[in-house]
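Visitor: Enclosed is the structure file upload-v3.cif (mmCIF, C-alpha atoms and all ligand atoms).
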data_target
loop_
_atom_site.label_atom_id
_atom_site.label_comp_id
_atom_site.auth_asym_id
_atom_site.auth_seq_id
_atom_site.Cartn_x
_atom_site.Cartn_y
_atom_site.Cartn_z
CA MET A 1 -11.97 -1.49 -18.21
CA VAL A 2 -14.36 0.79 -16.39
CA SER A 3 -18.01 0.58 -17.30
CA ASP A 4 -20.34 3.54 -17.21
CA GLN A 5 -23.28 1.39 -18.19
CA MET A 6 -23.89 0.20 -14.67
CA ASP A 7 -24.20 2.35 -11.64
CA TYR A 8 -25.02 0.34 -8.61
CA LEU A 9 -23.89 2.99 -6.15
CA SER A 10 -26.86 3.92 -4.10
CA THR A 11 -27.52 7.64 -3.78
CA VAL A 12 -28.75 6.81 -0.28
CA LEU A 13 -25.22 5.81 0.70
CA TRP A 14 -23.26 8.61 -1.03
CA THR A 15 -23.63 12.40 -1.16
CA ASP A 16 -23.98 14.23 -4.48
CA GLU A 17 -20.52 15.71 -3.93
CA GLU A 18 -19.03 12.25 -3.41
CA LEU A 19 -20.71 10.89 -6.54
CA GLU A 20 -19.40 13.83 -8.55
CA PHE A 21 -15.91 13.18 -7.18
CA ARG A 22 -16.20 9.50 -8.09
CA ASN A 23 -17.10 10.39 -11.68
CA GLU A 24 -14.10 12.69 -11.86
CA VAL A 25 -11.73 9.96 -10.57
CA ARG A 26 -13.31 7.43 -12.93
CA ALA A 27 -12.75 9.73 -15.92
CA PHE A 28 -9.10 10.20 -14.87
CA CYS A 29 -8.64 6.42 -14.64
CA GLU A 30 -10.19 5.85 -18.07
CA LYS A 31 -7.90 8.44 -19.64
CA GLU A 32 -4.61 7.89 -17.82
CA ILE A 33 -4.60 4.28 -16.60
CA ALA A 34 -7.02 2.08 -18.57
CA PRO A 35 -5.09 2.34 -21.89
CA ILE A 36 -1.92 0.98 -20.20
CA ALA A 37 -3.54 -1.29 -17.59
CA ASP A 38 -2.32 -4.57 -19.16
CA GLU A 39 1.10 -3.12 -19.98
CA LEU A 40 1.49 -2.03 -16.34
CA ASP A 41 1.25 -5.68 -15.31
CA LYS A 42 4.75 -6.17 -16.70
CA GLY A 43 5.86 -3.75 -13.95
CA PRO A 44 7.06 -1.73 -12.31
CA TYR A 45 4.64 1.18 -12.72
CA PRO A 46 6.36 4.32 -14.05
CA ARG A 47 7.06 6.90 -11.36
CA GLU A 48 5.53 9.50 -13.67
CA LEU A 49 2.12 7.88 -13.15
CA ILE A 50 2.26 8.42 -9.37
CA ARG A 51 3.23 12.05 -10.11
CA LYS A 52 0.17 12.41 -12.37
CA ILE A 53 -2.09 10.88 -9.69
CA GLY A 54 -0.60 13.31 -7.16
CA GLN A 55 -1.08 16.31 -9.45
CA ALA A 56 -4.71 15.31 -9.98
CA GLY A 57 -5.13 15.45 -6.18
CA TYR A 58 -5.68 11.73 -5.62
CA MET A 59 -2.72 11.10 -3.30
CA GLY A 60 -4.02 13.29 -0.51
CA VAL A 61 -7.79 13.43 -0.24
CA HIS A 62 -7.52 12.32 3.40
CA HIS A 63 -4.57 14.57 4.33
CA SER A 64 -4.69 18.10 5.70
CA LYS A 65 -4.52 21.18 3.48
CA GLU A 66 -1.17 22.10 5.14
CA ALA A 67 0.18 18.77 3.90
CA GLY A 68 -1.08 19.50 0.38
CA GLY A 69 -4.23 17.39 0.71
CA SER A 70 -7.90 18.25 0.34
CA GLN A 71 -8.89 17.09 3.87
CA LYS A 72 -11.98 15.24 2.70
CA GLY A 73 -11.45 12.18 4.81
CA LEU A 74 -11.26 8.42 4.42
CA SER A 75 -14.69 8.29 2.75
CA TYR A 76 -13.08 10.04 -0.26
CA GLU A 77 -9.90 7.93 -0.10
CA ILE A 78 -12.01 4.78 -0.48
CA ILE A 79 -13.48 6.21 -3.70
CA VAL A 80 -9.99 6.71 -5.16
CA ALA A 81 -8.93 3.24 -3.95
CA GLU A 82 -11.91 1.51 -5.58
CA GLU A 83 -11.67 3.39 -8.88
CA ILE A 84 -7.93 2.86 -9.47
CA SER A 85 -8.16 -0.77 -8.30
CA ALA A 86 -10.99 -1.40 -10.78
CA VAL A 87 -8.42 -0.67 -13.51
CA ASN A 88 -5.11 -1.89 -12.07
CA PRO A 89 -4.93 -3.28 -8.50
CA GLY A 90 -1.12 -3.29 -8.26
CA LEU A 91 -0.93 0.39 -9.10
CA ASP A 92 -3.35 1.25 -6.34
CA MET A 93 -1.53 -0.99 -3.88
CA ALA A 94 1.59 1.10 -4.60
CA ARG A 95 -0.30 4.42 -4.43
CA MET A 96 -1.93 3.46 -1.17
CA ALA A 97 1.30 2.14 0.41
CA SER A 98 2.69 5.63 -0.19
CA THR A 99 -0.20 7.85 0.81
CA THR A 100 -2.07 5.77 3.41
CA LEU A 101 0.30 3.16 4.88
CA TYR A 102 3.25 5.58 5.00
CA GLY A 103 1.20 8.79 5.01
CA MET A 104 -1.41 8.26 7.73
CA PRO A 105 1.06 7.79 10.63
CA ILE A 106 2.70 11.11 9.66
CA SER A 107 -0.65 12.81 9.11
CA LYS A 108 -1.90 11.77 12.55
CA PHE A 109 1.25 11.71 14.69
CA GLY A 110 3.79 13.89 12.84
CA THR A 111 4.83 17.44 13.72
CA GLU A 112 3.94 20.28 11.33
CA GLU A 113 7.58 20.29 10.18
CA GLN A 114 7.53 16.54 9.51
CA LYS A 115 4.30 16.89 7.52
CA LYS A 116 5.79 19.64 5.33
CA LYS A 117 9.04 17.79 4.77
CA TYR A 118 7.96 14.17 4.55
CA LEU A 119 4.25 14.13 3.66
CA LEU A 120 3.76 17.07 1.28
CA PRO A 121 6.06 15.57 -1.42
CA ILE A 122 4.15 12.28 -1.14
CA VAL A 123 0.81 14.07 -1.60
CA ASN A 124 2.26 15.91 -4.64
CA GLY A 125 3.35 12.57 -6.07
CA GLU A 126 6.97 13.79 -6.22
CA LYS A 127 8.22 11.26 -3.67
CA ILE A 128 7.21 7.70 -2.77
CA GLY A 129 6.75 6.23 0.68
CA CYS A 130 6.52 2.74 2.17
CA ILE A 131 5.80 1.20 5.54
CA GLY A 132 8.14 -1.26 7.23
CA ILE A 133 6.42 -3.57 9.69
CA THR A 134 6.87 -7.16 8.44
CA GLU A 135 10.20 -8.99 8.91
CA PRO A 136 11.54 -12.43 7.92
CA ASP A 137 10.62 -13.82 11.37
CA VAL A 138 7.69 -11.53 12.12
CA GLY A 139 4.42 -11.44 10.16
CA SER A 140 1.08 -11.61 11.97
CA ASP A 141 2.77 -11.31 15.37
CA THR A 142 3.89 -7.69 14.95
CA ALA A 143 4.61 -7.37 18.66
CA GLY A 144 7.42 -9.92 18.19
CA MET A 145 9.36 -7.40 16.06
CA LYS A 146 13.15 -7.97 15.94
CA THR A 147 14.37 -4.71 14.34
CA ARG A 148 16.16 -2.64 16.99
CA ALA A 149 16.93 1.08 17.30
CA GLU A 150 19.46 2.28 19.87
CA LYS A 151 20.27 5.82 20.92
CA ASP A 152 23.78 7.08 20.12
CA GLY A 153 24.13 10.68 21.25
CA ASP A 154 21.18 12.55 19.73
CA GLU A 155 20.73 10.05 16.91
CA TRP A 156 19.08 6.64 16.67
CA VAL A 157 20.84 3.71 15.01
CA ILE A 158 18.55 1.12 13.38
CA ASN A 159 19.46 -2.51 12.62
CA GLY A 160 17.17 -5.15 11.17
CA GLU A 161 15.41 -6.52 8.10
CA LYS A 162 12.00 -5.76 6.64
CA ARG A 163 10.33 -8.20 4.21
CA PHE A 164 7.39 -7.85 1.79
CA ILE A 165 7.59 -4.04 1.74
CA THR A 166 5.39 -2.55 -0.98
CA ASN A 167 7.37 0.14 -2.87
CA GLY A 168 10.44 -0.91 -0.84
CA SER A 169 12.99 -0.64 -3.67
CA GLN A 170 11.36 2.51 -5.13
CA ALA A 171 10.57 4.48 -1.99
CA ASP A 172 12.25 7.72 -0.91
CA TYR A 173 11.06 7.35 2.68
CA MET A 174 9.98 4.54 4.93
CA CYS A 175 7.84 4.68 8.04
CA CYS A 176 9.87 2.12 9.96
CA PHE A 177 8.88 0.42 13.20
CA ALA A 178 11.60 -0.77 15.57
CA ILE A 179 12.01 -1.86 19.18
CA THR A 180 13.71 0.86 21.21
CA ASP A 181 13.22 -0.62 24.68
CA PRO A 182 13.56 -4.43 24.77
CA THR A 183 13.19 -4.47 28.58
CA VAL A 184 9.43 -3.79 28.35
CA LYS A 185 6.60 -5.32 26.27
CA SER A 186 6.58 -4.24 22.57
CA LYS A 187 3.38 -2.30 23.21
CA GLN A 188 5.48 0.10 25.29
CA GLY A 189 8.91 -0.45 23.74
CA MET A 190 8.26 0.13 20.01
CA THR A 191 8.98 3.41 18.20
CA ALA A 192 8.10 4.67 14.70
CA PHE A 193 10.76 6.42 12.61
CA ILE A 194 10.81 8.19 9.27
CA VAL A 195 13.82 6.80 7.41
CA ASP A 196 15.34 8.37 4.30
CA THR A 197 16.10 5.37 2.07
CA LYS A 198 19.24 7.08 0.75
CA THR A 199 20.85 6.91 4.20
CA ASP A 200 24.05 4.81 4.43
CA GLY A 201 23.29 1.26 5.57
CA PHE A 202 19.86 1.04 3.89
CA SER A 203 19.85 -1.61 1.17
CA VAL A 204 17.52 -3.72 -0.98
CA VAL A 205 18.11 -7.47 -0.60
CA LYS A 206 15.72 -8.22 -3.48
CA ASP A 207 12.32 -7.59 -5.02
CA HIS A 208 9.98 -10.54 -4.42
CA ASP A 209 8.73 -12.42 -7.50
CA LEU A 210 4.95 -12.35 -6.93
CA MET A 211 1.96 -14.34 -8.22
CA GLY A 212 0.05 -11.10 -8.94
CA MET A 213 0.23 -7.35 -8.25
CA LYS A 214 2.93 -7.30 -10.90
CA SER A 215 2.73 -3.57 -11.55
CA ALA A 216 4.01 -2.93 -8.00
CA ARG A 217 7.37 -3.74 -6.45
CA VAL A 218 7.43 -5.53 -3.09
CA SER A 219 10.85 -5.79 -1.51
CA TRP A 220 13.08 -7.31 1.13
CA LEU A 221 15.12 -4.58 2.80
CA LYS A 222 18.07 -4.47 5.16
CA LEU A 223 19.01 -1.75 7.65
CA GLU A 224 22.60 -1.90 8.91
CA ASN A 225 23.56 0.86 11.35
CA VAL A 226 21.16 3.28 9.66
CA ARG A 227 21.49 6.59 11.53
CA VAL A 228 18.33 8.60 12.07
CA PRO A 229 18.34 12.15 13.49
CA PRO A 230 16.00 12.97 16.41
CA GLY A 231 13.67 15.01 14.15
CA MET A 232 12.67 11.82 12.35
CA VAL A 233 11.09 10.08 15.33
CA LEU A 234 7.34 9.90 14.78
CA GLY A 235 5.31 10.73 17.89
CA GLU A 236 7.10 9.85 21.11
CA PRO A 237 9.63 7.06 21.70
CA GLY A 238 7.56 4.08 22.89
CA GLN A 239 4.43 5.19 21.00
CA GLY A 240 5.13 2.96 17.98
CA PHE A 241 2.63 0.19 18.71
CA GLN A 242 -0.19 2.71 19.15
CA ILE A 243 0.76 4.36 15.82
CA LEU A 244 0.88 0.94 14.15
CA MET A 245 -2.58 -0.08 15.40
CA ASP A 246 -4.07 3.25 14.34
CA GLU A 247 -2.53 2.94 10.86
CA LEU A 248 -3.96 -0.57 10.42
CA ASP A 249 -7.54 0.70 10.90
CA SER A 250 -7.29 3.15 7.97
CA GLU A 251 -5.24 0.67 5.90
CA ARG A 252 -7.81 -2.12 6.30
CA THR A 253 -10.70 0.15 5.33
CA ALA A 254 -8.85 1.31 2.21
CA ILE A 255 -7.91 -2.29 1.29
CA ALA A 256 -11.61 -3.22 1.56
CA ALA A 257 -12.37 -0.48 -0.99
CA GLU A 258 -9.62 -1.76 -3.27
CA ALA A 259 -11.14 -5.25 -3.06
CA ILE A 260 -14.48 -3.87 -4.30
CA GLY A 261 -12.58 -2.53 -7.32
CA TYR A 262 -10.88 -5.93 -7.89
CA GLY A 263 -14.32 -7.58 -7.96
CA ARG A 264 -16.19 -4.90 -9.91
CA THR A 265 -14.39 -5.14 -13.24
CA PRO A 266 -14.45 -8.96 -13.51
CA PHE A 267 -18.13 -8.82 -12.52
CA GLU A 268 -18.90 -6.38 -15.34
CA VAL A 269 -16.92 -8.47 -17.82
CA ALA A 270 -18.86 -11.58 -16.74
CA VAL A 271 -22.25 -9.85 -17.07
CA LYS A 272 -21.48 -8.77 -20.66
CA TYR A 273 -19.91 -12.08 -21.65
CA SER A 274 -22.87 -14.07 -20.29
CA ASN A 275 -25.18 -11.98 -22.45
CA GLU A 276 -23.12 -12.44 -25.63
CA ARG A 277 -21.88 -16.01 -25.40
CA VAL A 278 -24.37 -18.46 -26.93
CA GLN A 279 -24.42 -22.20 -26.11
CA PHE A 280 -27.26 -24.69 -26.64
CA GLY A 281 -28.98 -21.99 -28.73
CA ARG A 282 -29.26 -19.35 -26.02
CA PRO A 283 -27.08 -16.82 -24.19
CA ILE A 284 -25.40 -18.56 -21.26
CA ARG A 285 -27.04 -16.10 -18.85
CA ALA A 286 -30.27 -18.04 -19.49
CA PHE A 287 -28.78 -20.90 -17.45
CA GLU A 288 -29.24 -20.64 -13.68
CA GLY A 289 -25.77 -22.03 -13.12
CA VAL A 290 -24.49 -18.80 -14.68
CA SER A 291 -27.11 -16.20 -13.77
CA PHE A 292 -27.14 -17.14 -10.06
CA LYS A 293 -23.40 -16.52 -10.00
CA ILE A 294 -24.08 -13.02 -11.37
CA ALA A 295 -26.64 -12.43 -8.59
CA ASP A 296 -24.19 -13.59 -5.91
CA MET A 297 -21.35 -11.43 -7.28
CA TYR A 298 -23.52 -8.33 -7.33
CA MET A 299 -24.85 -8.94 -3.82
CA LYS A 300 -21.32 -9.34 -2.46
CA LEU A 301 -20.17 -6.10 -4.12
CA GLU A 302 -23.07 -4.15 -2.62
CA ALA A 303 -22.58 -5.67 0.84
CA ALA A 304 -18.83 -4.99 0.74
CA ARG A 305 -19.46 -1.38 -0.25
CA ALA A 306 -21.90 -0.79 2.61
CA LEU A 307 -19.50 -2.30 5.17
CA THR A 308 -16.55 -0.31 3.84
CA LEU A 309 -18.40 2.98 3.75
CA THR A 310 -19.63 2.42 7.32
CA ALA A 311 -16.04 1.97 8.54
CA ALA A 312 -14.84 5.05 6.62
CA ARG A 313 -17.66 7.27 7.85
CA MET A 314 -17.02 6.19 11.46
CA TYR A 315 -13.29 6.90 11.04
CA ASP A 316 -14.07 10.38 9.69
CA LYS A 317 -16.19 11.03 12.78
CA GLY A 318 -13.17 10.18 14.96
CA LEU A 319 -14.59 6.88 16.21
CA LYS A 320 -12.51 3.75 16.89
CA ILE A 321 -13.05 1.34 14.00
CA THR A 322 -10.92 -1.71 14.76
CA LYS A 323 -13.96 -4.03 14.54
CA GLN A 324 -15.64 -2.31 11.54
CA ALA A 325 -12.38 -2.03 9.55
CA SER A 326 -11.60 -5.71 10.21
CA ILE A 327 -15.12 -6.78 9.17
CA ALA A 328 -15.02 -4.63 6.01
CA LYS A 329 -11.57 -5.88 4.98
CA LEU A 330 -12.33 -9.52 5.75
CA TYR A 331 -15.69 -9.54 3.94
CA ALA A 332 -14.59 -7.49 0.92
CA THR A 333 -11.35 -9.40 0.31
CA GLU A 334 -12.95 -12.85 0.61
CA ALA A 335 -15.76 -11.59 -1.66
CA ALA A 336 -13.23 -10.30 -4.22
CA ILE A 337 -11.57 -13.72 -4.44
CA GLN A 338 -14.96 -15.44 -4.88
CA ILE A 339 -16.16 -12.86 -7.43
CA THR A 340 -13.00 -12.98 -9.59
CA ASN A 341 -13.04 -16.78 -9.45
CA ASP A 342 -16.75 -16.95 -10.41
CA ALA A 343 -16.23 -14.40 -13.20
CA LEU A 344 -13.44 -16.56 -14.63
CA GLN A 345 -15.76 -19.58 -14.50
CA VAL A 346 -18.50 -17.66 -16.37
CA LEU A 347 -16.01 -16.91 -19.15
CA GLY A 348 -15.03 -20.59 -19.42
CA GLY A 349 -11.80 -21.12 -21.36
CA MET A 350 -11.61 -17.48 -22.38
CA GLY A 351 -11.41 -16.53 -18.70
CA TYR A 352 -8.20 -18.53 -18.41
CA THR A 353 -6.56 -16.54 -21.22
CA THR A 354 -4.95 -13.12 -21.02
CA GLU A 355 -7.37 -11.84 -23.69
CA TYR A 356 -9.64 -10.85 -20.82
CA PRO A 357 -8.36 -9.11 -17.67
CA VAL A 358 -10.18 -11.52 -15.33
CA GLU A 359 -7.18 -13.83 -14.71
CA ARG A 360 -5.09 -10.76 -13.79
CA PHE A 361 -7.69 -9.57 -11.27
CA LEU A 362 -7.95 -13.08 -9.78
CA ARG A 363 -4.16 -13.23 -9.28
CA ASP A 364 -4.17 -9.73 -7.76
CA ALA A 365 -7.20 -10.32 -5.51
CA ARG A 366 -5.68 -13.48 -4.03
CA LEU A 367 -3.17 -11.42 -2.04
CA MET A 368 -5.69 -9.55 -0.04
CA THR A 369 -6.69 -12.14 2.55
CA ILE A 370 -2.97 -12.16 3.44
CA GLY A 371 -1.55 -8.61 3.28
CA GLY A 372 -2.59 -6.04 5.89
CA GLY A 373 -3.77 -8.73 8.32
CA THR A 374 -4.65 -12.27 7.31
CA ALA A 375 -8.25 -13.51 7.29
CA GLU A 376 -7.47 -15.64 10.35
CA ILE A 377 -6.06 -12.69 12.31
CA LEU A 378 -9.04 -10.51 11.35
CA ARG A 379 -11.50 -13.16 12.58
CA PHE A 380 -9.53 -13.24 15.82
CA LEU A 381 -9.74 -9.42 16.15
CA ILE A 382 -13.48 -9.32 15.37
CA GLN A 383 -14.38 -11.93 18.00
CA ARG A 384 -12.07 -10.22 20.51
CA GLU A 385 -13.87 -6.89 19.99
CA ILE A 386 -17.27 -8.61 20.30
CA PHE A 387 -16.32 -10.25 23.61
CA LYS A 388 -14.89 -6.94 24.87
CA GLU A 389 -18.26 -5.30 24.19
CA PHE A 390 -20.25 -8.09 25.83
CA PHE A 391 -17.98 -8.43 28.84
CA PRO A 392 -16.25 -5.09 29.47
CA LYS A 393 -13.41 -5.08 32.02
CA LYS A 394 -14.71 -3.69 35.29
C1 LIG B 401 2.46 -8.57 -1.81
C2 LIG B 401 2.62 -8.22 -0.35
C3 LIG B 401 2.74 -6.88 0.04
C4 LIG B 401 2.95 -6.55 1.38
N1 LIG B 401 3.17 -5.24 1.74
C5 LIG B 401 3.59 -4.97 3.00
C6 LIG B 401 4.06 -3.66 3.35
O1 LIG B 401 4.01 -2.72 2.55
N2 LIG B 401 4.56 -3.45 4.60
C7 LIG B 401 4.61 -4.45 5.54
O2 LIG B 401 5.09 -4.22 6.64
N3 LIG B 401 4.17 -5.71 5.24
C8 LIG B 401 3.67 -5.98 4.01
N4 LIG B 401 3.26 -7.26 3.68
C9 LIG B 401 3.29 -8.30 4.70
C10 LIG B 401 1.92 -8.80 5.13
O3 LIG B 401 1.27 -7.83 5.92
C11 LIG B 401 2.14 -10.15 5.85
O4 LIG B 401 2.45 -11.08 4.81
C12 LIG B 401 0.96 -10.59 6.66
O5 LIG B 401 0.79 -9.75 7.78
C13 LIG B 401 1.09 -12.03 7.15
O6 LIG B 401 2.34 -12.27 7.68
P1 LIG B 401 3.19 -13.54 7.15
O7 LIG B 401 3.20 -13.51 5.68
O8 LIG B 401 4.49 -13.53 7.86
O9 LIG B 401 2.34 -14.79 7.60
P2 LIG B 401 2.36 -15.50 9.02
O10 LIG B 401 2.10 -14.54 10.10
O11 LIG B 401 3.59 -16.35 9.12
O12 LIG B 401 1.10 -16.45 8.89
C14 LIG B 401 1.10 -17.66 8.13
C15 LIG B 401 -0.28 -18.32 8.31
O13 LIG B 401 -0.51 -18.59 9.72
C16 LIG B 401 -1.72 -17.98 10.13
N5 LIG B 401 -1.61 -17.51 11.51
C17 LIG B 401 -0.59 -16.80 12.08
N6 LIG B 401 -0.89 -16.51 13.35
C18 LIG B 401 -2.13 -17.00 13.58
C19 LIG B 401 -3.01 -17.00 14.69
N7 LIG B 401 -2.70 -16.41 15.85
N8 LIG B 401 -4.22 -17.60 14.56
C20 LIG B 401 -4.58 -18.21 13.40
N9 LIG B 401 -3.79 -18.24 12.31
C21 LIG B 401 -2.58 -17.63 12.39
C22 LIG B 401 -1.92 -16.81 9.18
O14 LIG B 401 -3.28 -16.38 9.14
C23 LIG B 401 -1.43 -17.41 7.86
O15 LIG B 401 -2.44 -18.17 7.29
C24 LIG B 401 2.99 -7.60 2.35
C25 LIG B 401 2.84 -8.93 1.97
C26 LIG B 401 2.67 -9.26 0.63
C27 LIG B 401 2.56 -10.71 0.25
#
Would you mind writing the file's structure down as structure tokens?
Ligand SMILES: Cc1cc2nc3c(=O)[nH]c(=O)nc-3n(C[C@H](O)[C@H](O)[C@H](O)COP(=O)(O)OP(=O)(O)OC[C@H]3O[C@@H](n4cnc5c(N)ncnc54)[C@H](O)[C@@H]3O)c2cc1C
Guide:
Amino acid sequence: MVSDQMDYLSTVLWTDEELEFRNEVRAFCEKEIAPIADELDKGPYPRELIRKIGQAGYMGVHHSKEAGGSQKGLSYEIIVAEEISAVNPGLDMARMASTTLYGMPISKFGTEEQKKKYLLPIVNGEKIGCIGITEPDVGSDTAGMKTRAEKDGDEWVINGEKRFITNGSQADYMCCFAITDPTVKSKQGMTAFIVDTKTDGFSVVKDHDLMGMKSARVSWLKLENVRVPPGMVLGEPGQGFQILMDELDSERTAIAAEAIGYGRTPFEVAVKYSNERVQFGRPIRAFEGVSFKIADMYMKLEAARALTLTAARMYDKGLKITKQASIAKLYATEAAIQITNDALQVLGGMGYTTEYPVERFLRDARLMTIGGGTAEILRFLIQREIFKEFFPKK
């Protein structure tokens, strides 16, 4: 459900062009996604839908024109992320894993040839990408990565396992991180590769059975002697950790925008329900216990939007946004969980049924203080950046 009755986007924050773009994306979502939003939850999303999103131009707003994108920056990508997430979060998680998590490392560190071959088809929606960071023994501590790549002649040979990979079993390509020099720290010894998932030795162990995000597929993958030609190394050997950290800044900002979408629809449902549902002879919104929840939900949405837009605008200006992206993602994702939970409470028993989409959004939103950096890790990063600013190394 996407409401056009409420517009709490401030024209102070957004340009006229951005607001026009948002309306266009919203109309696309209402036509192409909203009618099948509940059905999509049975998963997996049809590949045709990603193709449609690509053809509409919503897979590449932040990619260069040479790569098929419209080069409008992350501040446009967050509009797409919020709008699609307000209808079906799992679908946007899959879209974003392809175009941002997989796409941004290629966009920023790939050669022109790599962009044409491995990014353009993603932006068109013809192919699907994924990013392979997490492993069975390696989650928050990415520097502890176990996957290895060794040189054999001109080629690299990759061995390892990647777990919780969004789009893993559906992807055509993976941006895969592996240790190429175990004799130095991971920050110097990690390399990023583009891997064709049809290569011999690449296999799917299983798709994880998830609590939410059911329209997406999230997989456990195995790489056994997967051979990668030299043209598929991203950036320079040893540059992997830098590429990974850079990717996480854009990913976290986009996840923050998705979280606003997760909260927005349940909020709108709760506002309407509280106006219609009568108990003790009056609409339940007349009770402070309900109406104060509505005030808190709205305030959190607005605050999350301002934080997210700040991070995106700074990124588009070429500034380092590790602190701002972490703050935006942490605030927006915790807010989304509180908002979806409060919305369900406002609906009472009806909120606990599948007759309203609120339970689906609550299940989906719960992921987001885990994926893309847990809330604990983000708090660690934020305080680290603060102390760096207060006490710079001399
Ligand atoms: C649905 C889904 C989709 C995902 N998609 C992708 C994907 O596309 N690609 C990909 O590479 N990964 C993906 N992930 C993985 C995700 O990024 C990790 O789950 C996340 O980084 C946390 O790692 P972990 O699950 O191993 O938890 P762990 O790192 O084992 O953490 C467990 C708990 O310990 C806490 N903890 C750990 N270290 C510290 C510390 N230093 N200080 C305080 N607390 C700490 C954590 O905050 C957490 O609460 C996905 C995960 C899920 C569930």
Visitor: Just want the 12 Å neighbourhood of Val12 (chain A), counted on only C-alpha atoms, with same-chain residues fewer than 5 positions away dropped. Output as a VMD selection string.
Guide: chain A and resid 18 to 19 306 309
Visitor: Do you know which residues are at most 10 Å from Gly57 (chain A) counting all atoms listed in the file, after dropping those on the same chain fewer than 4 positions away, and could you put them as a list of chain:residue names?
Guide: A:Val25, A:Arg51, A:Lys52, A:Ile53, A:Val61, A:Gly68, A:Gly69, A:Ser70, A:Val123, A:Asn124, A:Gly125
Visitor: In terms of the shortest atom-to-atom distance over only C-alpha atoms and all ligand atoms, which of A:Asn159, A:Asn167, A:Ser186, A:Thr111 is closest to ligand LIG 401 (chain B)?
Guide: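 Among A:Asn159, A:Asn167, A:Ser186, A:Thr111, it is A:Asn167 that comes nearest to ligand LIG 401 (chain B).
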Visitor: Could you give me, as a list in words, the residues within 12 Å of Glu24 (chain A), counting only C-alpha atoms and dropping anything in the same chain fewer than 4 positions from it?
Guide: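 So the residues in contact are Glu17, Glu18, Leu19, Glu20, Phe28, Cys29, Glu30, Lys31, Ala56, Gly57, Tyr58, Tyr76, Ile79, Val80, Glu83 and Ile84 of chain A.
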Visitor: Could you give me, as a short mmCIF file (atom, residue, chain, number, x, y, z; two decimals) with C-alpha atoms, in the coordinates of the input, every polymer residue with an atom at most 8 Å away from an atom of ligand LIG 401 (chain B), counting all atoms listed in the file?
Guide:
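Output saved as out-v9.cif:
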data_model
loop_
_atom_site.label_atom_id
_atom_site.label_comp_id
_atom_site.auth_asym_id
_atom_site.auth_seq_id
_atom_site.Cartn_x
_atom_site.Cartn_y
_atom_site.Cartn_z
CA ALA A 97 1.30 2.14 0.41
CA LEU A 101 0.30 3.16 4.88
CA CYS A 130 6.52 2.74 2.17
CA ILE A 131 5.80 1.20 5.54
CA GLY A 132 8.14 -1.26 7.23
CA ILE A 133 6.42 -3.57 9.69
CA THR A 134 6.87 -7.16 8.44
CA GLU A 135 10.20 -8.99 8.91
CA PRO A 136 11.54 -12.43 7.92
CA ASP A 137 10.62 -13.82 11.37
CA VAL A 138 7.69 -11.53 12.12
CA GLY A 139 4.42 -11.44 10.16
CA SER A 140 1.08 -11.61 11.97
CA ASP A 141 2.77 -11.31 15.37
CA LYS A 162 12.00 -5.76 6.64
CA ARG A 163 10.33 -8.20 4.21
CA PHE A 164 7.39 -7.85 1.79
CA ILE A 165 7.59 -4.04 1.74
CA THR A 166 5.39 -2.55 -0.98
CA ASN A 167 7.37 0.14 -2.87
CA GLY A 168 10.44 -0.91 -0.84
CA LEU A 210 4.95 -12.35 -6.93
CA GLY A 212 0.05 -11.10 -8.94
CA MET A 213 0.23 -7.35 -8.25
CA VAL A 218 7.43 -5.53 -3.09
CA LEU A 367 -3.17 -11.42 -2.04
CA ILE A 370 -2.97 -12.16 3.44
CA GLY A 371 -1.55 -8.61 3.28
CA GLY A 372 -2.59 -6.04 5.89
CA GLY A 373 -3.77 -8.73 8.32
CA THR A 374 -4.65 -12.27 7.31
CA ALA A 375 -8.25 -13.51 7.29
CA GLU A 376 -7.47 -15.64 10.35
CA ILE A 377 -6.06 -12.69 12.31
CA PHE A 380 -9.53 -13.24 15.82
#
Visitor: With distances taken over only C-alpha atoms, which of A:Asp196, A:Glu276, A:Asp342, A:Glu32 is nearest to Asp296 (chain A)?
Guide: A:Asp342
Visitor: Which polymer residues have any atom within 6 Å of an atom of Glu82 (chain A), counting all atoms listed in the file, with same-chain residues fewer than 6 positions away left out, as a PDB file with C-alpha atoms, keeping the file's coordinate frame?
Guide:
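See result24.pdb below for the written result:
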ATOM      1  CA  ALA A 257     -12.370  -0.480  -0.990  1.00  0.00           C
ATOM      2  CA  GLU A 258      -9.620  -1.760  -3.270  1.00  0.00           C
ATOM      3  CA  GLY A 261     -12.580  -2.530  -7.320  1.00  0.00           C
TER       4      GLY A 261
END
Visitor: With distances taken over only C-alpha atoms, which of A:Glu224, A:Glu334, A:Glu126, A:Glu112 is nearest to Asp172 (chain A)?
Guide: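 Distance minimum relative to Asp172 (chain A) lands on A:Glu126.
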Visitor: Leaving out Ala270 (chain A) and any residue of its chain fewer than 3 positions from it, which residues lie within 7 Å of it when counting only C-alpha atoms, given as a short mmCIF file (atom, residue, chain, number, x, y, z; two decimals) with C-alpha atoms, in the frame of the given file?
Guide:
data_model
loop_
_atom_site.label_atom_id
_atom_site.label_comp_id
_atom_site.auth_asym_id
_atom_site.auth_seq_id
_atom_site.Cartn_x
_atom_site.Cartn_y
_atom_site.Cartn_z
CA PRO A 266 -14.45 -8.96 -13.51
CA PHE A 267 -18.13 -8.82 -12.52
CA TYR A 273 -19.91 -12.08 -21.65
CA SER A 274 -22.87 -14.07 -20.29
CA ALA A 343 -16.23 -14.40 -13.20
CA VAL A 346 -18.50 -17.66 -16.37
CA LEU A 347 -16.01 -16.91 -19.15
#
